[in-house]
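*Asks:* Please find one structure pasted underneath; my questions will follow.
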Amino acid sequence: MGEDDFFFSVDRSKQARWTGGERGERAVDGTGDSVERFRPDEHADSLPEVSLDRLAAAGVRGIVVDLDNTVCEYRRPELAPGVADWVRAARDRGFALVLVSNNFTERVASVGAQLEIPVVPNALKPLPFAFLRALKLLGTPRRATVVIGDQLFTDVLGAKLLGLRSVLTKPLVAKDFPLTRVLRFLERTIAGRS
Ligand SMILES: [Mg+2]
């Protein structure tokens, strides 16, 4: 049994609950104990599944998008299916977009160029610096800005710390940095408890 098997076989009951059907459209008011810091405002199966109508209805005008496992599979250069069309549709509707990634400059710049949106690489999410830079690039206030990404401990927590909205997507693939695998294990633990 390899390392992957370990992390992805532990407590499947909690994982099943986390990925279960009823989580889909649940909105959370963001109050309560510290676990709430890790509760996204919404869940979506993937970036292209995030409803631009719902974002607009919630007053969102600026969108911060994660890269790895949200826009591209980890270590892959190609955009995931539907991503380019979704980004184009968002831009056509007047949303401002920016790519914020903990990955390195060259990879992030290349994906940003494909999508024709600005980037903030080496972001050190969930620390606030890159998100603050992103807000400047977007020109939107915090309450009108959403972070969309696949990780609770970087994308959702980073958003919460600054009072931004957040949408948690399912990761495109289960391959990650070794540290990310540890964080995903903790994500499932927290999700199972909440
Ligand atoms: Mg990611």
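Residue numbering restarts at 1 for every chain of the structure tokens, chains are lettered A, B, ... in their displayed order, and ligands are numbered from 1 as they appear.
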Show me which residues are within 9 Å of ligand 1 counting only C-alpha atoms and all ligand atoms, and format the list as a ChimeraX atom specification.
*Replies:* /A:66-74,101-102,149-151,154-155,171-172,176
*Asks:* Could you save those same residues with C-alpha atoms as a compact mmCIF listing (two decimals), in the first residue's frame?
*Replies:*
```
# COMPACT_ATOMS: atom_id res chain seq x y z
CA ASP A 66 -6.94 29.13 -8.08
CA LEU A 67 -4.74 27.33 -10.61
CA ASP A 68 -3.67 23.79 -9.65
CA ASN A 69 -6.51 21.31 -9.61
CA THR A 70 -9.02 24.08 -10.31
CA VAL A 71 -8.01 25.37 -13.76
CA CYS A 72 -5.40 22.73 -14.69
CA GLU A 73 -4.56 19.34 -13.33
CA TYR A 74 -1.57 19.43 -11.04
CA SER A 101 -1.53 30.52 -7.27
CA ASN A 102 1.04 29.20 -4.83
CA GLY A 149 -10.47 26.97 -5.56
CA ASP A 150 -10.14 23.34 -4.54
CA GLN A 151 -8.49 23.65 -1.12
CA THR A 154 -5.43 27.84 1.08
CA ASP A 155 -8.35 29.12 -0.99
CA PRO A 171 -9.97 18.86 -7.11
CA LEU A 172 -9.51 17.89 -10.77
CA ASP A 176 -0.80 16.92 -5.25
```
*Asks:* Please determine, counting only C-alpha atoms, which residue among A:Val147, A:Val87, A:Ala56, A:Ala80 has the shortest atom-to-atom distance to Leu161 in chain A.
*Replies:*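 Among the listed residues, the smallest separation from Leu161 in chain A belongs to A:Val147.
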*Asks:* Pick the closest to Glu78 in chain A from A:Ser110, A:Ile117, A:Ala159, A:Leu138: which is it, counting only C-alpha atoms?
*Replies:* A:Ser110
*Asks:* What's around Leu137 in chain A at 9 Å? Count only C-alpha atoms, leave out sequence neighbours fewer than 6 positions away in its own chain, and write the answer as a PyMOL selection string.
*Replies:* chain A and resi 96-98+118-119
*Asks:* DSSP on the backbone, then: every residue of range 9-166 of chain A marked helix (DSSP H, G or I), written as number ranges by chain.
*Replies:* A: 9, 12-18, 21-23, 34-38, 47-49, 52-57, 83-92, 105-115, 128-138, 142-144, 152-162
*Asks:* To one decimal place in Å, what is the distance between CA of Glu187 in chain A and CA of Glu106 in chain A?
*Replies:*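 Here the two named atoms are 28.8 Å from each other.
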*Asks:* Can you pull out every residue within 6 Å of Phe95 in chain A, counting only C-alpha atoms, but drop anything in the same chain fewer than 5 positions away, and send it as a list in words?
*Replies:*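 After dropping sequence-adjacent residues, the list is Arg61, Gly62 and Ala90 of chain A.
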*Asks:* I'd like the neighbourhood of Arg142 in chain A as a list in words, where a residue qualifies if any of its atoms comes within 9 Å (using only C-alpha atoms), though same-chain residues fewer than 6 positions away should be ignored.
*Replies:*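 Listed by chain and then number, they are Gly62, Leu135, Leu162, Gly163, Leu164 and Arg165 of chain A.
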*Asks:* Using CA of His43 in chain A and CA of Thr105 in chain A as the two end points, give the distance in Å to one decimal.
*Replies:* 28.1 Å
*Asks:* Residues at most 12 Å from Trp86 in chain A, counting only C-alpha atoms, excluding those fewer than 5 positions away in the same chain, as a ChimeraX atom specification?
*Replies:* /A:46-52,63,65,71,79-81,91-93,95,97,115
*Asks:* Pick out each residue of range 63-118 of chain A that DSSP on the backbone tags as strand (DSSP E); I need them as a list in words.
*Replies:*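 Checking each residue of range 63-118 of chain A, the strand (DSSP E) ones are Ile63, Val64, Val65, Ala96, Leu97, Val98, Leu99 and Val100 of chain A.
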